[in-house]
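Structure, as structure tokens:
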Amino acid sequence: MYINMWAVLVAAIASTAIGALWYSPLVFGKPWMKLMGITPEAVAATPRSSMVWSYVSGLISALVTSFILSKLISWVCNGSTSAALKLAGLVWLGFIAAIMVGSVIWEKKPWSLFFINAAYYLVSLIVMALIITGWN
């Protein structure tokens with residue numbers, strides 16, 4: 001099955017950009033930092049090289065996710081955007097949200113943190129699915 005690597009790359013970049021915006025002070029950055037116990041001073045003290053490595057690692061992770069989602073879409077959805085969106089939702093529900101609930105149950109993290117993080121992954125997977133199926 002053919003995988004469009006340009007679509008995979010663009011989907012991964014889009015996911016990384018969504019994450020940068022999602023966790024910025026403009027969207028959920030402030031409540032996320034508070035829930036995580038991260039202070040603005042700690043962020044300011046973080047070395048630039050550490051932040052660069054975090055973004056590179058995040059992009060690599062998004063590339064893996066995008067590639068695997070592309071494979072699943074090619075196997076299951078026959079290029080159908082609506083089927084790909086349903087698949088993205090099922091992948092999120094069964095593999096991401098279900099696993100992330102463990103942080104609430106076992107690590108005693110607040111549900112609000114779960115919803116911020118889990119919603120990011122849902123939005124990211126939906127955007128990835130749209131890019132992968134919409135690329136012609």
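Here, A, B, ... name the chains of the structure tokens in the order displayed, residue numbers run from 1 inside each chain, and ligands are numbered from 1 in the same displayed order.
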Which of range 5-122 of chain A end up as helix (DSSP H, G or I) when DSSP is run on this backbone - answer as a ChimeraX atom specification? /A:5-22,29-36,40-45,48-76,81-105,111-122
For the residues in the current selection, export C-alpha atoms as a compact mmCIF listing (two decimals), in the first residue's frame.
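Generated output (part-v1.txt):
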# COMPACT_ATOMS: atom_id res chain seq x y z
CA MET A 5 5.42 10.53 2.90
CA TRP A 6 4.82 14.22 2.18
CA ALA A 7 1.36 13.93 3.74
CA VAL A 8 2.88 12.06 6.69
CA LEU A 9 5.48 14.81 7.15
CA VAL A 10 2.97 17.66 6.85
CA ALA A 11 0.58 15.88 9.25
CA ALA A 12 3.40 15.51 11.79
CA ILE A 13 4.38 19.16 11.45
CA ALA A 14 0.72 20.16 11.85
CA SER A 15 0.45 18.05 15.00
CA THR A 16 3.56 19.69 16.43
CA ALA A 17 2.22 23.16 15.58
CA ILE A 18 -1.12 22.32 17.18
CA GLY A 19 0.72 21.19 20.30
CA ALA A 20 2.77 24.38 20.42
CA LEU A 21 -0.42 26.44 20.23
CA TRP A 22 -2.46 24.13 22.50
CA GLY A 29 -0.71 26.62 28.67
CA LYS A 30 -1.48 28.44 31.91
CA PRO A 31 -3.95 25.90 33.35
CA TRP A 32 -1.76 23.01 32.14
CA MET A 33 1.31 24.46 33.87
CA LYS A 34 -0.64 24.99 37.08
CA LEU A 35 -2.01 21.43 37.00
CA MET A 36 1.48 20.07 36.32
CA PRO A 40 6.95 30.31 34.83
CA GLU A 41 10.33 30.65 36.56
CA ALA A 42 11.08 26.98 35.92
CA VAL A 43 10.20 27.43 32.25
CA ALA A 44 12.41 30.53 32.02
CA ALA A 45 15.29 28.62 33.63
CA ARG A 48 17.27 26.50 25.16
CA SER A 49 18.95 23.25 24.08
CA SER A 50 16.52 21.31 26.27
CA MET A 51 13.54 23.03 24.64
CA VAL A 52 14.92 22.37 21.16
CA TRP A 53 15.40 18.70 22.04
CA SER A 54 11.82 18.56 23.37
CA TYR A 55 10.42 19.93 20.09
CA VAL A 56 12.59 17.61 17.98
CA SER A 57 11.51 14.62 20.08
CA GLY A 58 7.89 15.71 19.79
CA LEU A 59 8.21 15.98 16.01
CA ILE A 60 9.75 12.50 15.79
CA SER A 61 6.92 11.13 17.91
CA ALA A 62 4.37 12.89 15.68
CA LEU A 63 6.09 11.41 12.60
CA VAL A 64 5.69 7.90 14.01
CA THR A 65 2.05 8.55 14.86
CA SER A 66 1.35 10.08 11.46
CA PHE A 67 3.03 7.21 9.62
CA ILE A 68 1.15 4.54 11.59
CA LEU A 69 -2.14 6.40 11.18
CA SER A 70 -1.46 6.62 7.45
CA LYS A 71 -0.88 2.85 7.32
CA LEU A 72 -4.09 2.18 9.24
CA ILE A 73 -6.05 4.53 6.99
CA SER A 74 -4.68 2.80 3.88
CA TRP A 75 -5.60 -0.63 5.26
CA VAL A 76 -9.00 0.18 6.68
CA THR A 81 -12.17 10.86 4.74
CA SER A 82 -15.23 10.05 6.85
CA ALA A 83 -13.91 6.53 7.54
CA ALA A 84 -10.48 7.98 8.41
CA LEU A 85 -12.05 10.41 10.87
CA LYS A 86 -13.97 7.56 12.51
CA LEU A 87 -10.76 5.54 12.66
CA ALA A 88 -8.88 8.48 14.23
CA GLY A 89 -11.63 8.77 16.84
CA LEU A 90 -11.50 5.06 17.61
CA VAL A 91 -7.69 5.07 17.83
CA TRP A 92 -7.95 8.01 20.22
CA LEU A 93 -10.65 6.40 22.36
CA GLY A 94 -9.15 2.91 22.50
CA PHE A 95 -5.43 3.62 22.60
CA ILE A 96 -4.90 7.16 23.85
CA ALA A 97 -7.79 8.18 26.09
CA ALA A 98 -8.20 4.74 27.62
CA ILE A 99 -4.50 4.56 28.50
CA MET A 100 -4.34 8.17 29.70
CA VAL A 101 -7.09 7.51 32.24
CA GLY A 102 -4.42 5.58 34.15
CA SER A 103 -2.78 8.87 35.10
CA VAL A 104 -6.00 9.89 36.84
CA ILE A 105 -6.55 6.53 38.48
CA TRP A 111 -9.44 15.03 35.45
CA SER A 112 -8.97 18.56 34.10
CA LEU A 113 -5.37 17.70 33.18
CA PHE A 114 -6.58 14.50 31.51
CA PHE A 115 -9.09 16.49 29.43
CA ILE A 116 -6.52 19.08 28.33
CA ASN A 117 -4.02 16.40 27.26
CA ALA A 118 -6.50 13.92 25.79
CA ALA A 119 -8.33 16.60 23.80
CA TYR A 120 -5.03 17.67 22.23
CA TYR A 121 -4.45 14.14 20.98
CA LEU A 122 -7.98 13.90 19.60
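A straight line drawn from CA of Ile132 in chain A to CA of Pro25 in chain A is 29.0 Å long.
Considering only C-alpha atoms, the residue among A:Leu130, A:Leu125, A:Val27, A:Ile38 positioned nearest to Ser80 in chain A is A:Leu130.
Note that CA of Asn4 in chain A and CA of Tyr23 in chain A are 28.7 Å apart.
Across the structure, CA of Glu107 in chain A and CA of Gly37 in chain A are spaced 13.9 Å apart.
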